[in-house]
file input11.cif (mmCIF, C-alpha atoms and all ligand atoms)
data_upload
loop_
_atom_site.label_atom_id
_atom_site.label_comp_id
_atom_site.auth_asym_id
_atom_site.auth_seq_id
_atom_site.Cartn_x
_atom_site.Cartn_y
_atom_site.Cartn_z
CA MET A 29 71.09 56.09 -13.34
CA THR A 30 73.46 58.96 -12.73
CA GLN A 31 77.12 59.86 -13.16
CA GLU A 32 77.54 59.29 -9.41
CA ASN A 33 76.19 55.71 -9.74
CA VAL A 34 78.70 55.08 -12.53
CA LEU A 35 81.66 56.42 -10.51
CA GLU A 36 80.56 54.46 -7.44
CA ALA A 37 80.41 51.22 -9.51
CA LEU A 38 83.81 51.87 -11.09
CA LYS A 39 85.39 52.11 -7.64
CA ASN A 40 85.29 48.30 -7.77
CA VAL A 41 87.87 48.35 -10.58
CA THR A 42 91.42 48.50 -9.20
CA TYR A 43 94.39 49.55 -11.32
CA PRO A 44 96.56 46.46 -12.04
CA GLY A 45 99.42 46.21 -9.55
CA PHE A 46 97.88 48.71 -7.13
CA THR A 47 95.28 48.53 -4.37
CA LYS A 48 93.70 51.83 -5.41
CA ASP A 49 90.78 51.96 -7.85
CA ILE A 50 90.62 53.85 -11.12
CA VAL A 51 88.19 56.48 -9.79
CA THR A 52 90.41 57.33 -6.81
CA PHE A 53 93.40 57.59 -9.16
CA GLY A 54 91.36 60.11 -11.18
CA PHE A 55 91.55 58.05 -14.39
CA VAL A 56 87.81 58.09 -15.16
CA LYS A 57 86.76 61.08 -17.23
CA ASP A 58 83.90 62.43 -19.39
CA VAL A 59 81.11 60.23 -18.00
CA LEU A 60 77.91 60.72 -20.01
CA VAL A 61 74.70 58.93 -19.02
CA ASN A 62 71.59 58.78 -21.17
CA GLY A 63 68.96 56.24 -20.05
CA THR A 64 70.60 52.83 -20.35
CA THR A 65 73.48 54.21 -22.43
CA VAL A 66 76.77 55.25 -20.88
CA GLY A 67 79.98 56.61 -22.38
CA LEU A 68 83.23 57.40 -20.59
CA THR A 69 86.98 57.67 -20.95
CA ILE A 70 89.56 55.85 -18.84
CA ASP A 71 92.74 57.84 -19.14
CA ILE A 72 95.44 55.49 -17.85
CA THR A 73 99.14 55.83 -17.22
CA SER A 74 100.40 52.62 -18.82
CA SER A 75 100.47 51.93 -22.51
CA ALA A 76 100.47 48.12 -22.01
CA ASP A 77 97.70 46.50 -24.06
CA GLU A 78 96.86 43.95 -21.39
CA VAL A 79 96.26 46.72 -18.85
CA LYS A 80 93.89 48.46 -21.28
CA ALA A 81 92.00 45.23 -22.01
CA GLN A 82 91.70 44.27 -18.36
CA LEU A 83 90.35 47.68 -17.34
CA ARG A 84 87.87 47.77 -20.25
CA ASP A 85 86.54 44.28 -19.35
CA GLU A 86 86.24 44.97 -15.64
CA ALA A 87 84.60 48.37 -16.14
CA THR A 88 82.15 46.89 -18.67
CA ASN A 89 81.16 44.17 -16.18
CA GLU A 90 80.55 46.69 -13.41
CA LEU A 91 78.40 48.88 -15.68
CA LYS A 92 76.40 45.88 -16.93
CA LYS A 93 75.66 45.01 -13.30
CA LEU A 94 74.21 48.52 -12.93
CA GLY A 95 71.82 47.78 -15.79
CA PHE A 96 73.43 49.68 -18.68
CA GLU A 97 72.82 48.17 -22.11
CA GLN A 98 74.95 50.36 -24.36
CA ILE A 99 78.45 50.84 -22.96
CA GLN A 100 81.10 52.94 -24.72
CA ILE A 101 84.49 52.91 -23.00
CA ASN A 102 87.36 54.79 -24.53
CA VAL A 103 90.70 53.79 -22.97
CA THR A 104 93.39 56.34 -23.73
CA ALA A 105 97.11 55.70 -23.26
CA PRO A 106 99.42 58.35 -21.90
CA ALA A 107 101.58 60.68 -23.86
CA ALA A 108 105.02 59.07 -24.16
CA PRO A 109 106.94 59.49 -20.88
CA LYS A 110 108.65 62.83 -20.81
CA GLN A 111 112.42 62.79 -21.39
CA MET A 112 113.54 64.14 -18.08
CA SER A 113 116.05 66.59 -19.49
CA ASN A 114 114.72 69.05 -16.94
CA SER A 115 115.76 72.06 -18.95
CA VAL A 116 112.25 73.36 -18.27
CA SER A 117 112.24 73.17 -14.49
CA GLY A 118 114.52 71.98 -11.75
CA LYS A 119 117.97 70.53 -12.28
CA ASN A 120 119.22 67.35 -13.90
CA ILE A 121 122.95 66.76 -14.18
CA ALA A 122 122.40 63.34 -15.84
CA PRO A 123 119.77 64.18 -18.48
CA HIS A 124 120.33 61.01 -20.53
CA VAL A 125 118.89 58.95 -17.67
CA LYS A 126 115.11 58.89 -17.90
CA ASN A 127 114.20 57.93 -14.36
CA PHE A 128 115.94 57.84 -10.99
CA VAL A 129 114.87 55.58 -8.13
CA MET A 130 116.17 56.30 -4.62
CA VAL A 131 116.30 53.22 -2.37
CA SER A 132 116.45 54.50 1.17
CA SER A 133 115.94 53.52 4.80
CA GLY A 134 116.07 55.16 8.18
CA LYS A 135 118.10 52.31 9.65
CA GLY A 136 121.25 50.50 8.54
CA GLY A 137 121.35 46.84 7.64
CA VAL A 138 117.68 46.44 6.74
CA GLY A 139 118.36 45.32 3.17
CA LYS A 140 118.64 48.42 0.96
CA SER A 141 121.53 47.07 -1.07
CA THR A 142 119.92 43.64 -1.41
CA THR A 143 116.68 45.29 -2.55
CA SER A 144 118.47 47.61 -4.98
CA VAL A 145 120.34 44.71 -6.57
CA ASN A 146 117.30 42.50 -6.98
CA LEU A 147 114.98 45.26 -8.19
CA ALA A 148 117.57 46.44 -10.73
CA ILE A 149 118.03 42.91 -12.06
CA ALA A 150 114.27 42.28 -12.14
CA MET A 151 113.67 45.43 -14.20
CA ALA A 152 116.51 44.47 -16.57
CA MET A 153 114.94 41.01 -16.94
CA GLN A 154 111.70 42.81 -17.83
CA GLY A 155 113.47 44.47 -20.75
CA LYS A 156 114.44 47.83 -19.29
CA LYS A 157 117.84 49.50 -19.62
CA VAL A 158 118.92 49.69 -16.00
CA GLY A 159 121.84 51.14 -14.04
CA LEU A 160 122.70 50.61 -10.38
CA LEU A 161 124.57 53.34 -8.54
CA ASP A 162 126.01 52.54 -5.14
CA ALA A 163 125.77 55.89 -3.35
CA ASP A 164 126.91 54.35 -0.07
CA ILE A 165 130.34 55.95 -0.26
CA TYR A 166 131.55 54.69 3.15
CA GLY A 167 130.12 51.17 2.93
CA PRO A 168 129.95 50.16 -0.72
CA ASN A 169 128.52 46.63 -0.96
CA ILE A 170 127.15 46.59 -4.49
CA PRO A 171 130.30 45.23 -6.23
CA ARG A 172 130.29 42.08 -4.07
CA MET A 173 126.53 41.62 -4.35
CA MET A 174 126.66 41.97 -8.15
CA GLY A 175 129.71 39.70 -8.45
CA VAL A 176 132.03 42.41 -9.85
CA ASN A 177 134.28 43.00 -6.83
CA GLY A 178 137.88 43.20 -7.87
CA GLN A 179 136.92 44.43 -11.37
CA LYS A 180 138.26 47.88 -12.18
CA PRO A 181 136.29 50.15 -14.50
CA GLU A 182 137.79 51.51 -17.68
CA ILE A 183 138.72 55.20 -17.62
CA GLN A 184 138.05 57.22 -20.79
CA GLY A 185 139.58 60.67 -20.57
CA ASN A 186 138.12 62.11 -17.40
CA LYS A 187 135.05 59.86 -17.50
CA VAL A 188 134.54 56.32 -16.25
CA GLN A 189 132.81 53.40 -17.95
CA PRO A 190 130.36 51.62 -15.67
CA LEU A 191 130.88 47.92 -15.01
CA LYS A 192 128.19 45.51 -16.18
CA ALA A 193 126.62 42.35 -14.74
CA TYR A 194 123.24 40.65 -15.11
CA GLY A 195 122.31 43.19 -17.81
CA VAL A 196 122.77 46.07 -15.35
CA GLU A 197 125.32 48.92 -15.54
CA ILE A 198 127.05 49.37 -12.18
CA MET A 199 129.15 51.99 -10.43
CA SER A 200 130.36 52.09 -6.87
CA MET A 201 133.08 53.75 -4.84
CA GLY A 202 134.07 50.17 -4.00
CA SER A 203 135.08 49.66 -7.64
CA LEU A 204 137.31 52.74 -7.56
CA MET A 205 139.12 51.92 -4.30
CA GLU A 206 141.46 49.12 -3.32
CA ASP A 207 139.75 46.33 -1.34
CA GLY A 208 139.45 47.00 2.38
CA GLN A 209 140.45 50.69 2.12
CA SER A 210 138.44 53.04 4.26
CA LEU A 211 137.37 56.56 3.44
CA ILE A 212 137.28 59.42 5.88
CA TRP A 213 135.46 62.19 4.11
CA ARG A 214 133.70 65.39 4.99
CA GLY A 215 130.05 65.89 4.04
CA SER A 216 130.99 68.24 1.21
CA MET A 217 133.25 65.55 -0.31
CA ILE A 218 130.37 63.07 -0.22
CA MET A 219 128.28 65.60 -2.12
CA LYS A 220 131.01 66.00 -4.76
CA ALA A 221 131.31 62.22 -5.10
CA ILE A 222 127.56 61.80 -5.68
CA GLU A 223 127.61 64.57 -8.29
CA GLN A 224 130.55 62.94 -10.07
CA PHE A 225 128.80 59.57 -10.05
CA LEU A 226 125.93 61.19 -11.92
CA ARG A 227 127.93 63.45 -14.23
CA ASP A 228 131.21 61.65 -14.92
CA ILE A 229 130.11 58.05 -15.33
CA LEU A 230 129.37 57.07 -18.91
CA TRP A 231 125.88 55.70 -18.19
CA SER A 232 123.95 54.66 -21.31
CA GLU A 233 120.57 56.16 -22.07
CA LEU A 234 119.03 54.33 -19.13
CA ASP A 235 115.32 53.83 -18.53
CA VAL A 236 116.00 53.61 -14.81
CA LEU A 237 118.97 54.31 -12.55
CA VAL A 238 118.49 52.61 -9.18
CA ILE A 239 120.43 54.39 -6.45
CA ASP A 240 121.36 52.46 -3.31
CA MET A 241 121.67 55.04 -0.55
CA PRO A 242 123.56 54.94 2.73
CA PRO A 243 121.23 54.64 5.74
CA GLY A 244 119.55 57.74 7.12
CA THR A 245 118.57 61.12 5.79
CA GLY A 246 121.72 63.12 5.23
CA ASP A 247 124.01 64.83 2.76
CA ALA A 248 123.92 62.07 0.17
CA GLN A 249 120.12 62.08 -0.03
CA LEU A 250 119.93 65.86 -0.21
CA THR A 251 122.62 66.13 -2.88
CA LEU A 252 120.97 63.47 -5.00
CA ALA A 253 117.57 65.15 -4.79
CA GLN A 254 119.07 68.51 -5.73
CA SER A 255 121.11 67.13 -8.63
CA VAL A 256 118.49 65.07 -10.47
CA PRO A 257 114.70 64.85 -10.40
CA VAL A 258 114.14 61.61 -8.46
CA THR A 259 111.15 59.87 -10.04
CA ALA A 260 110.46 57.41 -7.23
CA GLY A 261 111.52 56.79 -3.66
CA ILE A 262 111.43 53.37 -2.04
CA THR A 263 111.83 52.86 1.69
CA VAL A 264 113.14 49.52 2.88
CA THR A 265 112.31 48.48 6.41
CA THR A 266 112.14 45.40 8.59
CA PRO A 267 108.86 44.78 10.40
CA GLN A 268 109.93 45.61 13.99
CA GLU A 269 108.56 48.81 15.52
CA VAL A 270 112.08 50.21 16.07
CA SER A 271 112.76 49.97 12.37
CA LEU A 272 109.36 51.41 11.48
CA ASP A 273 110.10 54.54 13.53
CA ASP A 274 113.14 55.13 11.36
CA SER A 275 111.32 54.36 8.15
CA ARG A 276 108.85 57.15 8.97
CA ARG A 277 111.83 59.51 8.86
CA SER A 278 112.74 58.20 5.45
CA LEU A 279 109.17 58.62 4.15
CA ASP A 280 109.05 62.11 5.62
CA MET A 281 112.29 62.90 3.81
CA PHE A 282 110.75 61.90 0.45
CA GLN A 283 107.93 64.34 1.09
CA LYS A 284 110.30 67.16 2.09
CA LEU A 285 112.50 66.53 -0.93
CA HIS A 286 109.47 66.38 -3.30
CA ILE A 287 110.27 62.78 -4.26
CA PRO A 288 107.18 60.78 -5.32
CA THR A 289 106.95 57.81 -2.95
CA ALA A 290 106.61 54.49 -4.78
CA GLY A 291 106.18 52.55 -1.55
CA ILE A 292 107.67 50.44 1.19
CA ILE A 293 109.50 47.14 0.88
CA GLU A 294 108.98 45.12 4.04
CA ASN A 295 112.17 43.06 4.17
CA MET A 296 112.98 40.14 6.46
CA SER A 297 109.25 39.69 6.75
CA GLY A 298 108.73 36.12 7.90
CA PHE A 299 111.10 33.23 7.35
CA ILE A 300 110.89 30.58 4.65
CA CYS A 301 112.42 27.39 6.01
CA PRO A 302 114.83 25.97 3.43
CA SER A 303 113.99 22.36 4.33
CA CYS A 304 110.19 22.47 4.53
CA ASP A 305 109.37 25.72 2.62
CA GLU A 306 107.07 26.74 5.45
CA GLU A 307 106.83 30.45 6.26
CA SER A 308 107.11 31.52 9.94
CA ASP A 309 107.00 34.89 11.61
CA ILE A 310 110.28 36.03 13.24
CA PHE A 311 110.44 39.85 13.25
CA GLY A 312 106.69 40.25 12.76
CA MET A 313 104.88 40.53 9.47
CA GLY A 314 102.58 43.02 7.80
CA THR A 315 103.38 45.78 10.32
CA THR A 316 104.26 48.25 7.57
CA VAL A 317 100.75 48.56 6.13
CA PRO A 318 99.60 51.21 8.68
CA VAL A 319 102.83 53.17 8.10
CA ALA A 320 102.24 53.08 4.33
CA LYS A 321 98.70 54.37 4.91
CA GLU A 322 100.01 57.20 7.11
CA TYR A 323 102.11 58.39 4.18
CA ASP A 324 99.49 57.65 1.54
CA THR A 325 101.59 55.00 -0.13
CA GLU A 326 101.71 51.20 -0.57
CA VAL A 327 103.68 48.20 0.60
CA ILE A 328 105.04 47.08 -2.76
CA ALA A 329 106.62 43.83 -1.53
CA ARG A 330 107.08 41.65 1.50
CA ILE A 331 110.37 39.79 1.19
CA PRO A 332 110.94 36.92 3.65
CA ILE A 333 114.19 36.12 5.43
CA GLU A 334 115.68 33.48 3.24
CA PRO A 335 119.20 32.05 3.45
CA ALA A 336 119.36 32.08 -0.37
CA ILE A 337 119.07 35.89 -0.35
CA ARG A 338 122.04 36.28 2.01
CA ILE A 339 124.09 33.68 0.14
CA GLY A 340 123.18 35.33 -3.17
CA GLY A 341 124.46 38.66 -1.78
CA ASP A 342 127.67 37.23 -0.35
CA THR A 343 128.56 35.27 -3.49
CA GLY A 344 127.48 37.82 -6.08
CA MET A 345 124.74 35.53 -7.38
CA PRO A 346 121.50 37.44 -6.76
CA VAL A 347 118.44 35.29 -6.18
CA THR A 348 116.30 37.11 -8.77
CA TYR A 349 118.67 36.04 -11.54
CA HIS A 350 119.95 32.71 -10.25
CA MET A 351 116.76 31.32 -8.70
CA PRO A 352 114.08 32.92 -10.89
CA ASP A 353 111.45 30.34 -9.88
CA SER A 354 111.83 30.94 -6.14
CA GLU A 355 109.03 32.67 -4.25
CA THR A 356 111.41 35.51 -3.37
CA ALA A 357 112.45 36.13 -6.99
CA LYS A 358 108.77 36.25 -7.94
CA ARG A 359 108.14 38.84 -5.24
CA TYR A 360 111.04 40.98 -6.47
CA GLN A 361 109.69 40.71 -10.03
CA ALA A 362 106.23 41.81 -8.85
CA ALA A 363 107.76 44.72 -6.93
CA ALA A 364 109.70 45.74 -10.07
CA SER A 365 106.49 45.70 -12.17
CA ASN A 366 104.79 47.76 -9.50
CA LEU A 367 107.67 50.24 -9.49
CA LEU A 368 107.65 50.55 -13.29
CA ALA A 369 103.89 51.21 -13.27
CA PHE A 370 104.44 53.88 -10.63
CA ILE A 371 107.19 55.50 -12.74
CA ASP A 372 104.81 55.51 -15.74
CA LYS A 373 102.20 57.21 -13.61
CA VAL A 374 104.56 59.89 -12.30
CA ASN A 375 105.73 60.67 -15.83
CA ALA A 376 102.19 60.73 -17.23
CA GLU A 377 101.37 63.30 -14.60
CA GLY A 378 104.26 65.56 -15.66
CA GLY A 379 107.30 63.87 -14.11
CA ALA A 380 109.35 64.57 -11.01
CA ASP A 381 110.47 68.12 -10.42
CA ASN A 382 113.23 69.11 -8.00
CA SER A 383 113.06 72.87 -8.49
CA ALA A 384 111.57 73.33 -4.99
CA VAL A 385 114.63 71.77 -3.32
CA GLN A 386 117.28 73.82 -5.07
CA PRO A 387 119.62 75.88 -2.89
CA THR A 388 118.14 79.26 -2.14
CA THR A 389 121.33 80.97 -1.03
CA PRO A 390 122.14 83.84 -3.41
CA PRO A 391 125.59 83.68 -5.03
CA GLY A 392 128.29 84.97 -2.69
CA VAL A 393 126.18 84.60 0.49
CA SER A 394 127.20 81.94 2.98
CA ALA A 395 124.74 79.05 3.31
CA CYS A 396 125.81 78.92 6.99
CA SER A 397 124.04 82.16 7.76
CA THR A 398 120.62 80.96 6.53
CA GLY A 399 120.09 78.55 9.42
CA ALA A 400 118.13 76.19 7.14
CA GLY A 401 118.16 72.54 8.27
CA ALA A 402 119.73 70.04 5.88
CA SER A 403 116.66 67.84 5.89
CA SER A 404 114.11 70.54 5.15
CA ALA A 405 113.34 72.08 1.81
CA PRO A 406 114.11 74.52 0.33
CA ALA A 407 117.58 73.33 1.07
CA LYS A 408 121.07 74.54 0.77
CA GLU A 409 124.26 73.53 -0.93
CA PRO A 410 127.78 74.51 0.08
CA THR A 411 128.77 77.61 -1.83
CA ASN A 412 132.31 77.84 -0.65
CA LYS A 413 134.95 75.34 0.37
CA ASN A 414 135.80 77.51 3.41
CA HIS A 415 132.59 76.34 5.04
CA GLU A 416 133.73 72.75 5.22
CA GLY A 417 134.56 72.96 8.91
CA CYS A 418 131.57 74.93 10.14
CA GLY A 419 129.22 71.99 10.42
CA CYS A 420 126.59 73.35 8.07
CA ASN A 421 127.37 71.24 5.04
N1 LIG A 501 115.42 38.99 3.08
C1 LIG A 501 116.62 38.63 3.46
N2 LIG A 501 116.90 37.34 3.84
C2 LIG A 501 118.14 36.98 4.25
N3 LIG A 501 119.17 37.81 4.31
C3 LIG A 501 118.96 39.10 3.95
C4 LIG A 501 117.70 39.57 3.50
N4 LIG A 501 117.81 40.89 3.20
C5 LIG A 501 119.09 41.23 3.45
N5 LIG A 501 119.78 40.16 3.90
C6 LIG A 501 121.18 40.13 4.31
O1 LIG A 501 121.32 41.06 5.38
C7 LIG A 501 122.55 41.76 5.29
C8 LIG A 501 122.26 43.27 5.22
O2 LIG A 501 121.59 43.57 4.00
P1 LIG A 501 121.99 44.82 3.10
O3 LIG A 501 123.47 44.95 3.03
O4 LIG A 501 121.24 44.72 1.84
O5 LIG A 501 121.39 45.99 4.02
P2 LIG A 501 121.59 47.56 3.86
O6 LIG A 501 120.33 48.19 4.34
O7 LIG A 501 122.04 47.89 2.50
O8 LIG A 501 122.77 47.82 4.89
P3 LIG A 501 123.61 49.19 5.06
O9 LIG A 501 122.72 50.13 5.80
O10 LIG A 501 124.80 48.75 5.85
O11 LIG A 501 123.95 49.68 3.70
C9 LIG A 501 123.25 41.22 4.06
O12 LIG A 501 124.13 40.22 4.44
C10 LIG A 501 122.12 40.61 3.22
O13 LIG A 501 122.55 39.53 2.43
MG MG A 502 123.76 48.93 1.86
#
call {"tool": "encode", "arguments": {"input": "input11.cif", "output": "structure tokens"}}
result
Amino acid sequence: MTQENVLEALKNVTYPGFTKDIVTFGFVKDVLVNGTTVGLTIDITSSADEVKAQLRDEATNELKKLGFEQIQINVTAPAAPKQMSNSVSGKNIAPHVKNFVMVSSGKGGVGKSTTSVNLAIAMAMQGKKVGLLDADIYGPNIPRMMGVNGQKPEIQGNKVQPLKAYGVEIMSMGSLMEDGQSLIWRGSMIMKAIEQFLRDILWSELDVLVIDMPPGTGDAQLTLAQSVPVTAGITVTTPQEVSLDDSRRSLDMFQKLHIPTAGIIENMSGFICPSCDEESDIFGMGTTVPVAKEYDTEVIARIPIEPAIRIGGDTGMPVTYHMPDSETAKRYQAAASNLLAFIDKVNAEGGADNSAVQPTTPPGVSACSTGAGASSAPAKEPTNKNHEGCGCN
């Protein structure tokens, strides 16, 4: 029996929560074969004991099937996740936040805010310190969905205390404006607002800050990626082809902005009838899998259309918290576990790094003259307020 036989057999062992196997992930190391004796290391990205035990058992079974009699498996846990203070590389204007998750979509109205709310609550219910930033400056929906609309945050000097609900710290432009007010802002003002949300909000030492983005791939996304190292990007899409076209743009943006892609959430995927609990197919189902493959990522959840989700959003009573036994809540919880495992993996591999997307314009030179597109990296940042009208920022 050879090293190759061992690696081939261990391809049957998938990493919990993922569809990929431990060999493809590159976790299997130092394979030594001597007759019917084999020794190897599985160097994993999660420190959870149950993950270690499960992998050891499954790998042992596969090796026994090959005919090995003496099996030595050393499962090593990762170094503790790196504090993302980013003083070494890139830029982080909110260094006390360990991980940033960008929830994005190419199209509006596909369920980004609903996903952000439910994922944030699910991670908080799993014991993480979580914040939820509503970066949709023009259409802030998070306060209503989290049941804090009308509440005004406390100001401390020139900083602002986040609001709190369901164990999650929250900030939104909606909480800083009067109800029903509209904002007419230039792109450069949006960028300033995003920066202030990261720098001037008194976020605790969060494990994860979930950021609900406006639809599309514009100034807000670019500013966020340049200001903090985004650990994971999630694209929300509905199953119709027209939505998938737009979600490709969102996935492409993650790649251009050097954001590790955690996966796709296929929302409004099938309909669960409230009277008979039966699931039927309205917009299509499962259409996102080929798109995920195209971008070498996963579908981390399929969330059905369910009246309880919409009602939960409208009334500020999110389904993950208020109906924890529902099928949908379970799917959000599974997606949150999947996301946390992905974050562990990114950090074990050195963490996110946004140095490649920093503005390249030398001080004093107009970004307008570079001709760089806003969606391509390396990217630019306005250097001078006088450029506000020229259409380049
Ligand atoms: N799976 C679902 N089942 C039922 N209703 C849903 C589901 N997902 C979202 N909704 C509802 O659809 C509407 C749009 O969702 P949401 O506001 O989360 O989308 P969005 O992508 O954030 O929109 P925007 O681009 O305007 O920010 C909301 O009323 C929400 O409650
Ligand atoms: Mg939204």
call {"tool": "residues_around", "arguments": {"input": "input11.cif", "residues": "region 64-68 of chain A", "least_positions_apart": "4", "cutoff": "10 Å", "atoms": "all atoms listed in the file", "output": "compact mmCIF listing (two decimals) with C-alpha atoms, in the coordinates of the input"}}
result
# COMPACT_ATOMS: atom_id res chain seq x y z
CA MET A 29 71.09 56.09 -13.34
CA THR A 30 73.46 58.96 -12.73
CA GLN A 31 77.12 59.86 -13.16
CA VAL A 34 78.70 55.08 -12.53
CA VAL A 56 87.81 58.09 -15.16
CA LYS A 57 86.76 61.08 -17.23
CA ASP A 58 83.90 62.43 -19.39
CA VAL A 59 81.11 60.23 -18.00
CA LEU A 60 77.91 60.72 -20.01
CA LEU A 91 78.40 48.88 -15.68
CA LYS A 92 76.40 45.88 -16.93
CA LEU A 94 74.21 48.52 -12.93
CA GLY A 95 71.82 47.78 -15.79
CA PHE A 96 73.43 49.68 -18.68
CA GLU A 97 72.82 48.17 -22.11
CA GLN A 98 74.95 50.36 -24.36
CA ILE A 99 78.45 50.84 -22.96
CA GLN A 100 81.10 52.94 -24.72
CA ILE A 101 84.49 52.91 -23.00
CA ASN A 102 87.36 54.79 -24.53
CA VAL A 103 90.70 53.79 -22.97
call {"tool": "closest_residue", "arguments": {"input": "input11.cif", "among": "A:Leu38, A:Ala163, A:Ile72, A:Val51", "to": "ligand MG 502 (chain A)", "atoms": "all atoms listed in the file"}}
result
A:Ala163
call {"tool": "residues_near_ligand", "arguments": {"input": "input11.cif", "ligand": "ligand LIG 501 (chain A)", "cutoff": "8 Å", "atoms": "only C-alpha atoms and all ligand atoms", "output": "mmCIF file with C-alpha atoms, in the coordinates of the input"}}
result
data_model
loop_
_atom_site.group_PDB
_atom_site.id
_atom_site.type_symbol
_atom_site.label_atom_id
_atom_site.label_comp_id
_atom_site.auth_asym_id
_atom_site.auth_seq_id
_atom_site.Cartn_x
_atom_site.Cartn_y
_atom_site.Cartn_z
ATOM 1 C CA SER A 133 115.940 53.520 4.800
ATOM 2 C CA LYS A 135 118.100 52.310 9.650
ATOM 3 C CA GLY A 136 121.250 50.500 8.540
ATOM 4 C CA GLY A 137 121.350 46.840 7.640
ATOM 5 C CA VAL A 138 117.680 46.440 6.740
ATOM 6 C CA GLY A 139 118.360 45.320 3.170
ATOM 7 C CA LYS A 140 118.640 48.420 0.960
ATOM 8 C CA SER A 141 121.530 47.070 -1.070
ATOM 9 C CA THR A 142 119.920 43.640 -1.410
ATOM 10 C CA THR A 143 116.680 45.290 -2.550
ATOM 11 C CA SER A 144 118.470 47.610 -4.980
ATOM 12 C CA ASP A 164 126.910 54.350 -0.070
ATOM 13 C CA GLY A 167 130.120 51.170 2.930
ATOM 14 C CA PRO A 168 129.950 50.160 -0.720
ATOM 15 C CA ASN A 169 128.520 46.630 -0.960
ATOM 16 C CA ASP A 240 121.360 52.460 -3.310
ATOM 17 C CA MET A 241 121.670 55.040 -0.550
ATOM 18 C CA PRO A 242 123.560 54.940 2.730
ATOM 19 C CA PRO A 243 121.230 54.640 5.740
ATOM 20 C CA VAL A 264 113.140 49.520 2.880
ATOM 21 C CA ASN A 295 112.170 43.060 4.170
ATOM 22 C CA MET A 296 112.980 40.140 6.460
ATOM 23 C CA SER A 297 109.250 39.690 6.750
ATOM 24 C CA PHE A 299 111.100 33.230 7.350
ATOM 25 C CA ILE A 331 110.370 39.790 1.190
ATOM 26 C CA PRO A 332 110.940 36.920 3.650
ATOM 27 C CA ILE A 333 114.190 36.120 5.430
ATOM 28 C CA GLU A 334 115.680 33.480 3.240
ATOM 29 C CA PRO A 335 119.200 32.050 3.450
ATOM 30 C CA ALA A 336 119.360 32.080 -0.370
ATOM 31 C CA ILE A 337 119.070 35.890 -0.350
ATOM 32 C CA ARG A 338 122.040 36.280 2.010
ATOM 33 C CA ILE A 339 124.090 33.680 0.140
ATOM 34 C CA GLY A 340 123.180 35.330 -3.170
ATOM 35 C CA GLY A 341 124.460 38.660 -1.780
ATOM 36 C CA ASP A 342 127.670 37.230 -0.350
#
call {"tool": "residues_around", "arguments": {"input": "input11.cif", "residues": "region 217-226 of chain A", "least_positions_apart": "5", "cutoff": "10 Å", "atoms": "only C-alpha atoms", "output": "ChimeraX atom specification"}}
result
/A:120-123,125,161-166,187-188,190,199-201,212,231,237,247-252,254-256,409-410,413,416,421
call {"tool": "atom_distance", "arguments": {"input": "input11.cif", "atom1": "CA of Met345 (chain A)", "atom2": "CA of Ile310 (chain A)"}}
result
25.2 Å
call {"tool": "atom_distance", "arguments": {"input": "input11.cif", "atom1": "CA of Arg330 (chain A)", "atom2": "CA of Ile293 (chain A)"}}
result
6.0 Å
call {"tool": "atom_distance", "arguments": {"input": "input11.cif", "atom1": "CA of Pro318 (chain A)", "atom2": "CA of Ile292 (chain A)"}}
result
11.0 Å
call {"tool": "residues_around", "arguments": {"input": "input11.cif", "residues": "Glu233 (chain A)", "least_positions_apart": "2", "cutoff": "12 Å", "atoms": "only C-alpha atoms", "output": "list in words"}}
result
Gln111, Met112, Ser113, Ala122, Pro123, His124, Val125, Lys126, Asn127, Lys156, Lys157, Val158, Gly159, Glu197, Ile229, Leu230, Trp231, Asp235, Val236 and Leu237 of chain A
call {"tool": "residues_around", "arguments": {"input": "input11.cif", "residues": "Arg84 (chain A)", "least_positions_apart": "2", "cutoff": "9 Å", "atoms": "only C-alpha atoms", "output": "number ranges by chain"}}
result
A: 70, 79-82, 86-89, 101-103
call {"tool": "residues_around", "arguments": {"input": "input11.cif", "residues": "Met173 (chain A)", "least_positions_apart": "2", "cutoff": "6 Å", "atoms": "all atoms listed in the file", "output": "PDB file with C-alpha atoms, in the coordinates of the input"}}
result
ATOM      1  CA  ILE A 170     127.150  46.590  -4.490  1.00  0.00           C
ATOM      2  CA  PRO A 171     130.300  45.230  -6.230  1.00  0.00           C
ATOM      3  CA  GLY A 175     129.710  39.700  -8.450  1.00  0.00           C
ATOM      4  CA  GLY A 341     124.460  38.660  -1.780  1.00  0.00           C
ATOM      5  CA  GLY A 344     127.480  37.820  -6.080  1.00  0.00           C
TER       6      GLY A 344
END
call {"tool": "closest_residue", "arguments": {"input": "input11.cif", "among": "A:Gly202, A:Gly155, A:Gly314, A:Gly298", "to": "Thr356 (chain A)", "atoms": "all atoms listed in the file"}}
result
A:Gly298
call {"tool": "closest_residue", "arguments": {"input": "input11.cif", "among": "A:Gly195, A:Gly312, A:Gly246, A:Gly118", "to": "Met151 (chain A)", "atoms": "only C-alpha atoms"}}
result
A:Gly195
call {"tool": "closest_residue", "arguments": {"input": "input11.cif", "among": "A:Asn146, A:Thr104, A:Asn366, A:Ser383", "to": "Tyr194 (chain A)", "atoms": "all atoms listed in the file"}}
result
A:Asn146
call {"tool": "closest_residue", "arguments": {"input": "input11.cif", "among": "A:Asp228, A:Asp372, A:Glu269, A:Asp274", "to": "Gly244 (chain A)", "atoms": "all atoms listed in the file"}}
result
A:Asp274
